[in-house]
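File shown here: protein35.txt, holding compact mmCIF, C-alpha atoms.
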# COMPACT_ATOMS: atom_id res chain seq x y z
CA MET O 1 -53.95 21.93 -61.49
CA GLY O 2 -50.75 21.27 -59.54
CA THR O 3 -49.87 24.84 -58.59
CA ILE O 4 -53.38 25.94 -57.64
CA LEU O 5 -53.71 22.87 -55.52
CA ILE O 6 -50.38 23.20 -53.70
CA ASP O 7 -51.15 26.82 -52.74
CA LYS O 8 -54.55 25.79 -51.41
CA LEU O 9 -53.05 22.90 -49.48
CA LEU O 10 -50.28 25.01 -47.98
CA SER O 11 -52.80 27.69 -46.97
CA ALA O 12 -54.78 24.98 -45.18
CA VAL O 13 -51.63 23.82 -43.38
CA VAL O 14 -50.86 27.35 -42.18
CA LYS O 15 -54.47 28.20 -41.30
CA GLN O 16 -55.09 25.00 -39.33
CA GLY O 17 -51.69 25.07 -37.65
CA ALA O 18 -50.71 21.62 -38.96
CA SER O 19 -47.16 20.40 -38.41
CA ASP O 20 -47.07 18.24 -41.56
CA LEU O 21 -48.79 17.68 -44.89
CA HIS O 22 -48.73 14.14 -46.33
CA ILE O 23 -49.30 13.61 -50.05
CA THR O 24 -49.56 10.07 -51.45
CA VAL O 25 -51.58 8.22 -54.09
CA GLY O 26 -54.88 6.58 -53.11
CA GLN O 27 -56.12 9.01 -50.47
CA PRO O 28 -56.77 12.74 -50.09
CA PRO O 29 -53.99 14.97 -48.70
CA VAL O 30 -53.56 14.43 -44.93
CA LEU O 31 -52.64 17.01 -42.29
CA ARG O 32 -51.00 16.20 -38.97
CA ILE O 33 -52.56 18.50 -36.37
CA GLY O 34 -51.60 18.23 -32.70
CA GLY O 35 -49.98 14.87 -33.38
CA ARG O 36 -53.06 13.32 -35.09
CA MET O 37 -53.52 12.61 -38.79
CA GLN O 38 -56.59 14.18 -40.43
CA LYS O 39 -57.65 13.64 -44.06
CA LEU O 40 -58.75 16.73 -45.97
CA LYS O 41 -62.20 16.55 -47.51
CA THR O 42 -60.94 16.80 -51.08
CA LYS O 43 -60.48 14.34 -53.95
CA VAL O 44 -58.45 11.15 -53.65
CA LEU O 45 -55.03 11.77 -55.23
CA GLU O 46 -53.99 9.90 -58.37
CA ASP O 47 -50.50 9.37 -59.86
CA SER O 48 -50.84 12.45 -62.04
CA ASP O 49 -51.83 14.64 -59.03
CA THR O 50 -48.88 13.72 -56.83
CA MET O 51 -46.51 14.07 -59.80
CA ALA O 52 -47.89 17.56 -60.65
CA LEU O 53 -47.75 18.65 -56.99
CA MET O 54 -44.15 17.48 -56.73
CA LYS O 55 -43.11 19.25 -59.96
CA SER O 56 -44.80 22.49 -58.90
CA ILE O 57 -42.45 23.01 -55.93
CA THR O 58 -39.35 20.81 -56.40
CA PRO O 59 -36.22 22.57 -57.73
CA ASP O 60 -34.63 21.02 -60.84
CA ARG O 61 -31.55 19.75 -59.03
CA CYS O 62 -33.76 17.92 -56.52
CA GLN O 63 -35.95 16.45 -59.27
CA GLN O 64 -32.77 15.07 -60.80
CA GLU O 65 -31.68 13.62 -57.43
CA PHE O 66 -35.17 12.13 -57.03
CA GLN O 67 -34.87 10.44 -60.46
CA GLU O 68 -31.42 9.05 -59.63
CA LYS O 69 -31.83 8.09 -55.96
CA GLY O 70 -35.58 7.73 -55.46
CA GLY O 71 -35.74 10.56 -52.93
CA CYS O 72 -34.72 14.14 -52.17
CA ASP O 73 -35.09 16.78 -49.44
CA PHE O 74 -35.20 20.55 -49.77
CA GLY O 75 -36.38 23.71 -48.04
CA PHE O 76 -39.14 25.78 -49.60
CA ALA O 77 -40.70 29.17 -48.76
CA PHE O 78 -44.46 29.64 -49.11
CA GLY O 79 -44.50 33.41 -49.67
CA ASP O 80 -43.83 35.05 -46.33
CA GLN O 81 -46.40 32.89 -44.54
CA ALA O 82 -44.31 29.82 -43.81
CA ARG O 83 -41.33 27.69 -44.73
CA PHE O 84 -41.44 23.97 -45.33
CA ARG O 85 -38.94 21.15 -45.16
CA VAL O 86 -39.96 18.86 -48.00
CA SER O 87 -39.14 15.18 -48.45
CA VAL O 88 -40.02 13.68 -51.84
CA PHE O 89 -39.83 9.91 -52.19
CA ARG O 90 -41.05 7.02 -54.27
CA GLN O 91 -43.47 4.42 -52.92
CA ARG O 92 -44.86 1.55 -55.00
CA GLY O 93 -43.28 3.29 -57.99
CA LYS O 94 -45.29 6.48 -57.43
CA VAL O 95 -44.45 9.95 -56.14
CA ALA O 96 -45.16 10.78 -52.48
CA MET O 97 -44.24 13.83 -50.37
CA VAL O 98 -44.20 14.97 -46.78
CA LEU O 99 -43.98 18.70 -46.05
CA ARG O 100 -43.04 19.73 -42.50
CA GLN O 101 -44.03 23.28 -41.59
CA ILE O 102 -41.21 25.38 -40.15
CA PRO O 103 -42.57 28.37 -38.25
CA VAL O 104 -41.39 31.70 -39.68
CA ASP O 105 -41.22 33.25 -36.22
CA LEU O 106 -38.48 31.85 -34.04
CA TRP O 107 -39.48 30.76 -30.57
CA THR O 108 -37.26 31.98 -27.75
CA MET O 109 -35.54 29.71 -25.26
CA ASP O 110 -37.92 31.06 -22.60
CA GLN O 111 -41.04 30.35 -24.67
CA LEU O 112 -39.84 26.78 -25.22
CA LYS O 113 -38.98 26.52 -21.48
CA ILE O 114 -35.51 25.21 -22.33
CA PRO O 115 -33.70 24.66 -19.00
CA GLU O 116 -32.01 27.93 -17.92
CA ILE O 117 -28.60 26.29 -17.56
CA PHE O 118 -28.30 26.16 -21.36
CA LYS O 119 -28.09 29.96 -21.53
CA LYS O 120 -24.89 29.68 -19.48
CA LEU O 121 -23.49 26.71 -21.41
CA ILE O 122 -23.90 28.16 -24.90
CA ILE O 123 -22.08 31.43 -24.13
CA ARG O 124 -18.98 29.53 -23.04
CA PRO O 125 -15.99 29.95 -25.38
CA ARG O 126 -15.79 26.29 -26.41
CA GLY O 127 -17.48 22.92 -26.20
CA LEU O 128 -19.95 20.52 -27.78
CA VAL O 129 -23.65 20.96 -27.02
CA LEU O 130 -25.96 18.19 -28.25
CA VAL O 131 -29.72 18.41 -28.70
CA THR O 132 -31.24 14.95 -29.11
CA GLY O 133 -34.59 13.26 -29.46
CA PRO O 134 -36.71 11.37 -31.98
CA THR O 135 -37.92 12.93 -35.25
CA GLY O 136 -40.59 15.55 -34.58
CA SER O 137 -39.52 16.23 -30.99
CA GLY O 138 -38.61 19.85 -31.76
CA LYS O 139 -34.80 19.61 -31.93
CA SER O 140 -34.53 22.12 -34.82
CA THR O 141 -36.79 24.56 -32.97
CA SER O 142 -34.66 24.35 -29.80
CA LEU O 143 -31.40 24.79 -31.74
CA ALA O 144 -32.82 27.75 -33.65
CA ALA O 145 -33.83 29.34 -30.31
CA MET O 146 -30.30 28.86 -28.94
CA VAL O 147 -28.73 30.36 -32.07
CA ASP O 148 -31.18 33.27 -31.82
CA TYR O 149 -30.26 33.79 -28.15
CA LEU O 150 -26.58 34.06 -29.13
CA ASN O 151 -27.54 36.35 -32.04
CA ASP O 152 -29.29 38.68 -29.57
CA ASN O 153 -26.59 38.63 -26.91
CA CYS O 154 -23.15 37.97 -28.43
CA ASP O 155 -21.12 39.48 -31.25
CA HIS O 156 -20.24 36.10 -32.74
CA HIS O 157 -19.68 34.67 -36.18
CA ILE O 158 -22.13 31.77 -36.38
CA ILE O 159 -22.00 29.21 -39.20
CA THR O 160 -24.89 26.76 -39.58
CA ILE O 161 -24.60 23.64 -41.72
CA GLU O 162 -28.06 22.28 -42.50
CA ASP O 163 -29.80 19.78 -44.77
CA PRO O 164 -31.97 21.62 -45.73
CA ILE O 165 -31.87 25.12 -44.18
CA GLU O 166 -34.90 25.38 -41.90
CA PHE O 167 -35.19 28.57 -39.85
CA GLN O 168 -33.75 31.63 -41.55
CA HIS O 169 -31.73 33.86 -39.21
CA ASN O 170 -31.15 37.57 -39.73
CA HIS O 171 -27.89 39.18 -38.65
CA LYS O 172 -28.48 40.91 -35.31
CA LYS O 173 -25.59 41.24 -32.89
CA SER O 174 -23.93 38.26 -34.58
CA THR O 175 -23.08 37.54 -38.20
CA ILE O 176 -24.81 34.35 -39.34
CA ASN O 177 -23.89 32.35 -42.44
CA GLN O 178 -26.16 29.42 -43.23
CA ARG O 179 -24.84 26.72 -45.56
CA GLU O 180 -27.05 24.08 -47.12
CA VAL O 181 -25.63 20.61 -47.74
CA GLY O 182 -26.11 19.78 -51.42
CA THR O 183 -26.39 23.41 -52.53
CA ASP O 184 -23.57 25.29 -50.77
CA VAL O 185 -21.33 22.40 -49.73
CA THR O 186 -21.09 18.66 -50.46
CA SER O 187 -21.24 17.16 -46.94
CA PHE O 188 -21.46 17.97 -43.23
CA SER O 189 -17.89 16.85 -42.50
CA GLU O 190 -16.48 18.85 -45.42
CA ALA O 191 -18.42 21.94 -44.27
CA ILE O 192 -17.09 21.66 -40.69
CA ARG O 193 -13.49 21.35 -41.93
CA ARG O 194 -13.97 24.41 -44.16
CA ALA O 195 -15.76 26.31 -41.39
CA LEU O 196 -12.64 26.16 -39.22
CA ARG O 197 -10.94 28.45 -41.78
CA GLN O 198 -13.87 30.89 -41.77
CA ASP O 199 -13.18 32.39 -38.32
CA PRO O 200 -16.33 31.06 -36.60
CA ASP O 201 -17.20 31.31 -32.90
CA VAL O 202 -20.15 28.93 -33.22
CA ILE O 203 -20.81 26.07 -35.66
CA LEU O 204 -24.20 24.37 -35.87
CA VAL O 205 -24.09 20.90 -37.42
CA GLY O 206 -27.60 19.89 -38.49
CA GLU O 207 -27.02 16.17 -38.09
CA MET O 208 -24.13 14.14 -36.74
CA ARG O 209 -24.74 11.10 -38.95
CA ASP O 210 -21.38 9.51 -39.56
CA LEU O 211 -17.90 9.03 -38.17
CA GLU O 212 -16.33 11.84 -40.25
CA THR O 213 -18.92 14.40 -39.12
CA ILE O 214 -18.74 13.38 -35.45
CA GLU O 215 -14.93 13.44 -35.52
CA ALA O 216 -14.88 16.88 -37.17
CA ALA O 217 -17.44 18.23 -34.67
CA ILE O 218 -15.47 17.00 -31.64
CA THR O 219 -12.24 18.46 -33.04
CA ALA O 220 -13.93 21.80 -33.70
CA ALA O 221 -15.28 21.87 -30.12
CA GLU O 222 -11.82 21.06 -28.72
CA THR O 223 -10.13 23.82 -30.71
CA GLY O 224 -12.11 26.70 -29.23
CA HIS O 225 -15.56 26.82 -30.80
CA ILE O 226 -19.05 26.17 -29.53
CA VAL O 227 -20.44 23.35 -31.67
CA PHE O 228 -24.14 22.43 -31.70
CA GLY O 229 -25.15 19.02 -33.02
CA THR O 230 -28.19 16.74 -33.09
CA LEU O 231 -28.67 12.99 -32.74
CA HIS O 232 -31.78 10.80 -32.68
CA THR O 233 -31.20 9.45 -29.16
CA SER O 234 -33.66 9.67 -26.28
CA SER O 235 -31.39 9.93 -23.23
CA ALA O 236 -28.12 11.63 -22.31
CA ALA O 237 -26.32 8.34 -21.54
CA GLY O 238 -27.65 6.83 -24.78
CA THR O 239 -26.27 9.81 -26.71
CA ILE O 240 -22.75 9.33 -25.39
CA ASN O 241 -22.87 5.59 -26.12
CA ARG O 242 -24.13 6.25 -29.65
CA ILE O 243 -21.24 8.61 -30.41
CA ILE O 244 -18.60 6.23 -29.06
CA ASP O 245 -20.14 3.20 -30.84
CA VAL O 246 -19.75 4.90 -34.23
CA PHE O 247 -15.97 4.47 -33.91
CA PRO O 248 -13.98 1.27 -34.45
CA THR O 249 -13.09 -0.48 -31.16
CA ASN O 250 -9.41 0.47 -31.32
CA GLN O 251 -10.31 4.20 -31.43
CA GLN O 252 -12.94 4.16 -28.69
CA ASP O 253 -10.63 4.91 -25.76
CA GLN O 254 -9.20 7.92 -27.53
CA ILE O 255 -12.69 9.18 -28.48
CA ARG O 256 -13.86 8.79 -24.86
CA THR O 257 -11.00 11.00 -23.72
CA GLN O 258 -11.67 13.58 -26.45
CA LEU O 259 -15.41 13.56 -25.84
CA ALA O 260 -14.95 13.92 -22.08
CA SER O 261 -13.04 17.18 -22.59
CA ALA O 262 -15.16 18.49 -25.51
CA ILE O 263 -18.75 17.88 -24.46
CA ILE O 264 -20.35 20.43 -22.12
CA GLY O 265 -24.06 19.59 -22.20
CA ILE O 266 -26.82 17.40 -23.63
CA LEU O 267 -30.49 18.30 -23.96
CA SER O 268 -32.67 15.27 -24.79
CA GLN O 269 -36.24 16.22 -25.56
CA GLN O 270 -39.69 14.81 -26.22
CA LEU O 271 -42.95 16.50 -27.22
CA LEU O 272 -46.02 15.14 -25.44
CA LYS O 273 -49.68 15.66 -26.23
CA LYS O 274 -51.11 18.12 -23.76
CA VAL O 275 -54.45 17.60 -22.03
CA GLY O 276 -56.90 19.90 -23.81
CA GLY O 277 -54.78 20.23 -26.97
CA GLY O 278 -51.34 21.43 -27.98
CA ARG O 279 -48.01 19.96 -26.92
CA VAL O 280 -45.68 20.25 -23.97
CA GLY O 281 -41.91 19.69 -24.02
CA ALA O 282 -40.13 17.37 -21.60
CA PHE O 283 -36.35 17.65 -21.22
CA GLU O 284 -33.48 15.54 -19.95
CA THR O 285 -30.55 17.78 -19.07
CA LEU O 286 -26.97 16.63 -18.67
CA VAL O 287 -24.38 19.20 -17.62
CA VAL O 288 -20.87 17.81 -17.98
CA THR O 289 -19.21 18.40 -14.62
CA PRO O 290 -15.66 17.12 -13.90
CA GLY O 291 -17.33 14.08 -12.28
CA ILE O 292 -19.39 13.30 -15.41
CA ALA O 293 -16.32 13.85 -17.63
CA ASN O 294 -14.53 11.20 -15.53
CA LEU O 295 -17.39 8.72 -16.01
CA ILE O 296 -17.12 9.23 -19.80
CA ARG O 297 -13.33 8.88 -19.75
CA GLU O 298 -13.44 5.73 -17.62
CA ASN O 299 -16.23 4.11 -19.67
CA LYS O 300 -18.69 4.16 -16.75
CA ILE O 301 -21.51 5.60 -18.82
CA PHE O 302 -24.05 3.33 -17.10
CA ARG O 303 -23.58 5.54 -14.00
CA ILE O 304 -24.55 8.77 -15.78
CA THR O 305 -28.30 8.35 -15.26
CA SER O 306 -27.97 8.25 -11.47
CA ALA O 307 -25.47 11.15 -11.62
CA ILE O 308 -28.15 13.22 -13.41
CA GLN O 309 -30.65 12.27 -10.72
CA THR O 310 -28.40 13.63 -7.98
CA GLY O 311 -27.14 16.59 -10.05
CA SER O 312 -30.13 18.93 -9.76
CA LYS O 313 -27.94 21.58 -8.09
CA PHE O 314 -26.02 21.79 -11.40
CA GLY O 315 -29.30 22.13 -13.35
CA MET O 316 -29.58 18.46 -14.32
CA GLN O 317 -32.79 16.47 -14.61
CA LEU O 318 -33.92 13.12 -16.01
CA LEU O 319 -36.49 13.01 -18.79
CA ASP O 320 -38.78 10.72 -16.80
CA ASP O 321 -38.67 13.04 -13.77
CA HIS O 322 -39.75 15.95 -15.96
CA ILE O 323 -42.51 13.83 -17.53
CA PHE O 324 -43.66 12.81 -14.02
CA HIS O 325 -43.74 16.49 -13.05
CA HIS O 326 -45.94 17.32 -16.08
CA TRP O 327 -48.29 14.45 -15.15
CA LYS O 328 -48.52 15.62 -11.54
CA ASN O 329 -49.42 19.11 -12.78
CA GLY O 330 -52.23 17.62 -14.87
CA ASP O 331 -50.62 18.70 -18.18
CA ILE O 332 -50.45 15.20 -19.68
CA THR O 333 -52.22 11.85 -19.38
CA GLU O 334 -50.62 8.73 -18.02
CA GLU O 335 -50.80 7.15 -21.52
CA ALA O 336 -48.94 10.07 -23.11
CA ALA O 337 -46.29 9.87 -20.38
CA ILE O 338 -45.71 6.13 -20.69
CA GLU O 339 -45.54 6.39 -24.49
CA LYS O 340 -42.67 8.90 -24.45
CA CYS O 341 -40.68 8.09 -21.31
CA ASN O 342 -37.38 6.17 -21.15
CA SER O 343 -38.32 3.60 -18.46
CA PRO O 344 -42.05 2.79 -18.81
CA ASP O 345 -42.07 0.15 -16.03
CA ASP O 346 -40.44 2.43 -13.46
CA LEU O 347 -42.67 5.35 -14.35
CA ALA O 348 -45.82 3.19 -14.15
CA LYS O 349 -44.76 2.18 -10.61
CA ARG O 350 -44.27 5.83 -9.66
CA PHE O 351 -47.75 6.67 -10.96
CA ALA O 352 -49.25 3.82 -8.94
CA ASN O 353 -47.42 4.99 -5.80
CA ALA O 354 -48.34 8.62 -6.36
CA LYS O 355 -52.00 7.70 -6.61
CA ARG O 356 -51.66 6.03 -3.20
CA GLY O 357 -50.03 9.21 -1.91
CA VAL O 358 -46.46 7.87 -1.86
CA PHE O 359 -44.01 10.17 -3.64
CA ASP O 360 -40.46 8.88 -4.01
CA ASP O 361 -37.44 11.16 -4.40
CA GLU O 362 -39.45 14.27 -5.24
CA PRO O 363 -37.39 17.03 -6.85
CA LYS O 364 -36.81 19.62 -4.11
CA GLU O 365 -38.32 23.08 -4.34
CA GLY O 366 -36.14 25.37 -6.42
CA ASP O 367 -34.76 22.56 -8.56
CA GLN O 368 -34.63 22.88 -12.33
CA GLN O 369 -38.05 22.02 -13.69

Written as structure tokens, how would this file's structure read?
Amino acid sequence: MGTILIDKLLSAVVKQGASDLHITVGQPPVLRIGGRMQKLKTKVLEDSDTMALMKSITPDRCQQEFQEKGGCDFGFAFGDQARFRVSVFRQRGKVAMVLRQIPVDLWTMDQLKIPEIFKKLIIRPRGLVLVTGPTGSGKSTSLAAMVDYLNDNCDHHIITIEDPIEFQHNHKKSTINQREVGTDVTSFSEAIRRALRQDPDVILVGEMRDLETIEAAITAAETGHIVFGTLHTSSAAGTINRIIDVFPTNQQDQIRTQLASAIIGILSQQLLKKVGGGRVGAFETLVVTPGIANLIRENKIFRITSAIQTGSKFGMQLLDDHIFHHWKNGDITEEAAIEKCNSPDDLAKRFANAKRGVFDDEPKEGDQQ
């Protein structure tokens, strides 16, 4: 029952282009398609169904972790059709699962419309590049595209540290070693420290969750490596604050100084529902110029947002400006824009003005869109 069912369900996910499959007791399986949840027209799941579905795909070591901790995450290949990132958890004492589909084909930086400046930043010899945004905003997809760009263009040694491994990279011009936390190595921070002895040019850190990992990532970036990391923050200034706030007060000055010299760029992204279906990406881009590095060093992070606004000649843009641009082009509705922007009140005012024909501080022609 379990295995037949999971194959059918996963086929439905792939066929209907769903991003996620939700399995929980008391309702049929649910697909998330284009951001909306849709129940499949099959039977309501009982305890025994969700348990059988879980057992049919969960490796033994994860089942053990699930028993001990009440949850586990792993990567899983569905033949050659798709890969899934699976999260198994307990709710009301019963088994539930969410499977996120990871496309087998990597998108390119151009297809994702990642700001061009990032092609220049990531081929630099050293520095920290952060990709941030809420869950489901496409961070993993953007990072995979950047790694793939390097793989096509540079003869690098690239080490990725992931939990779990999502996109699988083949060796092209670069050599790529992908390490999974829990299977290949115990923790992110441990893996970064070990990576420094493995002659890497580039290290991708799936998630910068804790002080040890952030510290190790900054050190690696300072010592002559490109380091990619992700955080769940929605703006560039918010990202820098989040990193500094992880450290005890007496270390914050030192971290500011280290961060100012290590960090070279931040991409904060959101996925918005597109008019007529599908999604469109909106990006905030921070390029760390000497001026921005000074603001970080001097703890004037509150001034970064206006520095981005005036930094379009360096390829910078604010998330809300990009969202406004999408709205003006008719790609997204006002509701979608307000839901995902950083300053809803300000953006609502701009919409009201625009409708009256008043456009404030329009990005000039030729600016980064």

Selected residue of minimal separation from Arg32 (chain O) among O:Ala52, O:Ala191, O:Val98, O:Ala260, counting all atoms listed in the file: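 The answer is O:Val98, which sits nearest to Arg32 (chain O).
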
Output as a Markdown table one row per residue of region 146-215 of chain O within 10 Å of region 109-117 of chain O: the closest atom pair and its distance in Å to one decimal place, counting only C-alpha atoms, sorted by chain and residue number ascending.
| residue | atom | partner | partner_atom | distance |
| --- | --- | --- | --- | --- |
| O:Met146 | CA | O:Met109 | CA | 6.5 |
| O:Val147 | CA | O:Met109 | CA | 9.7 |
| O:Asp148 | CA | O:Met109 | CA | 8.6 |
| O:Tyr149 | CA | O:Met109 | CA | 7.3 |

Put those residues in a file: C-alpha atoms, as a PDB file, in the coordinates of the input.
ATOM      1  CA  MET O 146     -30.300  28.860 -28.940  1.00  0.00           C
ATOM      2  CA  VAL O 147     -28.730  30.360 -32.070  1.00  0.00           C
ATOM      3  CA  ASP O 148     -31.180  33.270 -31.820  1.00  0.00           C
ATOM      4  CA  TYR O 149     -30.260  33.790 -28.150  1.00  0.00           C
TER       5      TYR O 149
END

Pick the closest to Thr257 (chain O) from O:Ala293, O:Ala336, O:Ala237, O:Ala96: which is it, counting only C-alpha atoms?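 Closest to Thr257 (chain O), using only C-alpha atoms: O:Ala293.
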
To one decimal place, how far is CA of Pro59 (chain O) from CA of Arg85 (chain O) in Å?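 Interatomic distance here is 12.9 Å.
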
Using only C-alpha atoms, determine which residues lie at most 9 Å from region 25-29 of chain O, disregarding the query and same-chain residues fewer than 2 positions distant; provide the list as a count of residues only. 20

Test item: residues at most 12 Å from Ile226 (chain O), all atoms listed in the file, excluding those fewer than 3 positions along its chain, as JSON, numbers by chain: {"O": [121, 122, 123, 124, 125, 126, 127, 128, 129, 130, 146, 147, 150, 156, 157, 158, 159, 160, 196, 200, 201, 202, 203, 204, 205, 217, 218, 219, 220, 221, 222, 223, 229, 262, 263, 264, 265]}

Within 8 Å of Val86 (chain O), counting all atoms listed in the file, which residues qualify if same-chain residues fewer than 2 places away don't, as a PyMOL selection string? chain O and resi 73-76+84+88+97-100

Would you mind reading off the distance between CA of Arg83 (chain O) and CA of Thr230 (chain O), one decimal, in Å?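 CA of Thr230 (chain O) lies 20.7 Å from CA of Arg83 (chain O).
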
Every residue with an atom at most 10 Å from (-29.4, 18.3, -21.0) (file coordinates; only C-alpha atoms) is what I'm after, so could you write them as an NGL selection string? :O and (114-115 or 117-118 or 129-132 or 235-236 or 264-269 or 283-288 or 308 or 315-319)

Deliver the residues from the most recent selection as a file, using C-alpha atoms, as an mmCIF file, in the frame of the given file.
data_model
loop_
_atom_site.group_PDB
_atom_site.id
_atom_site.type_symbol
_atom_site.label_atom_id
_atom_site.label_comp_id
_atom_site.auth_asym_id
_atom_site.auth_seq_id
_atom_site.Cartn_x
_atom_site.Cartn_y
_atom_site.Cartn_z
ATOM 1 C CA ILE O 114 -35.510 25.210 -22.330
ATOM 2 C CA PRO O 115 -33.700 24.660 -19.000
ATOM 3 C CA ILE O 117 -28.600 26.290 -17.560
ATOM 4 C CA PHE O 118 -28.300 26.160 -21.360
ATOM 5 C CA VAL O 129 -23.650 20.960 -27.020
ATOM 6 C CA LEU O 130 -25.960 18.190 -28.250
ATOM 7 C CA VAL O 131 -29.720 18.410 -28.700
ATOM 8 C CA THR O 132 -31.240 14.950 -29.110
ATOM 9 C CA SER O 235 -31.390 9.930 -23.230
ATOM 10 C CA ALA O 236 -28.120 11.630 -22.310
ATOM 11 C CA ILE O 264 -20.350 20.430 -22.120
ATOM 12 C CA GLY O 265 -24.060 19.590 -22.200
ATOM 13 C CA ILE O 266 -26.820 17.400 -23.630
ATOM 14 C CA LEU O 267 -30.490 18.300 -23.960
ATOM 15 C CA SER O 268 -32.670 15.270 -24.790
ATOM 16 C CA GLN O 269 -36.240 16.220 -25.560
ATOM 17 C CA PHE O 283 -36.350 17.650 -21.220
ATOM 18 C CA GLU O 284 -33.480 15.540 -19.950
ATOM 19 C CA THR O 285 -30.550 17.780 -19.070
ATOM 20 C CA LEU O 286 -26.970 16.630 -18.670
ATOM 21 C CA VAL O 287 -24.380 19.200 -17.620
ATOM 22 C CA VAL O 288 -20.870 17.810 -17.980
ATOM 23 C CA ILE O 308 -28.150 13.220 -13.410
ATOM 24 C CA GLY O 315 -29.300 22.130 -13.350
ATOM 25 C CA MET O 316 -29.580 18.460 -14.320
ATOM 26 C CA GLN O 317 -32.790 16.470 -14.610
ATOM 27 C CA LEU O 318 -33.920 13.120 -16.010
ATOM 28 C CA LEU O 319 -36.490 13.010 -18.790
#

May I have the protein, DNA and RNA residues with any atom at most 12 Å from the point (-20.0, 2.6, -27.8), counting only C-alpha atoms, written as number ranges by chain? O: 237-253, 255-256, 296, 299-302

Can you list every residue of region 226-326 of chain O that has an atom at most 10 Å from region 343-358 of chain O, with its nearest atom pair and the distance in Å to one decimal, using only C-alpha atoms, ordered by chain then number, as a Markdown table?
| residue | atom | partner | partner_atom | distance |
| --- | --- | --- | --- | --- |
| O:Leu319 | CA | O:Ser343 | CA | 9.6 |
| O:Asp320 | CA | O:Leu347 | CA | 7.1 |
| O:Asp321 | CA | O:Leu347 | CA | 8.7 |
| O:Ile323 | CA | O:Leu347 | CA | 9.1 |
| O:Phe324 | CA | O:Leu347 | CA | 7.5 |

Shortest interatomic distance to Ser137 (chain O) - which of O:His232, O:Lys8, O:Lys328, O:Arg297, counting only C-alpha atoms: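 Of all the options, O:His232 lies closest to Ser137 (chain O).
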
Could the centre and edge lengths of an axis-aligned box, enclosing all atoms of region 219-227 of chain O in the file with 3 Å extra on each side, be given in Å to one decimal as lines of an AutoDock Vina configuration file?
center_x = -15.3
center_y = 22.6
center_z = -31.2
size_x = 16.3
size_y = 14.4
size_z = 11.0
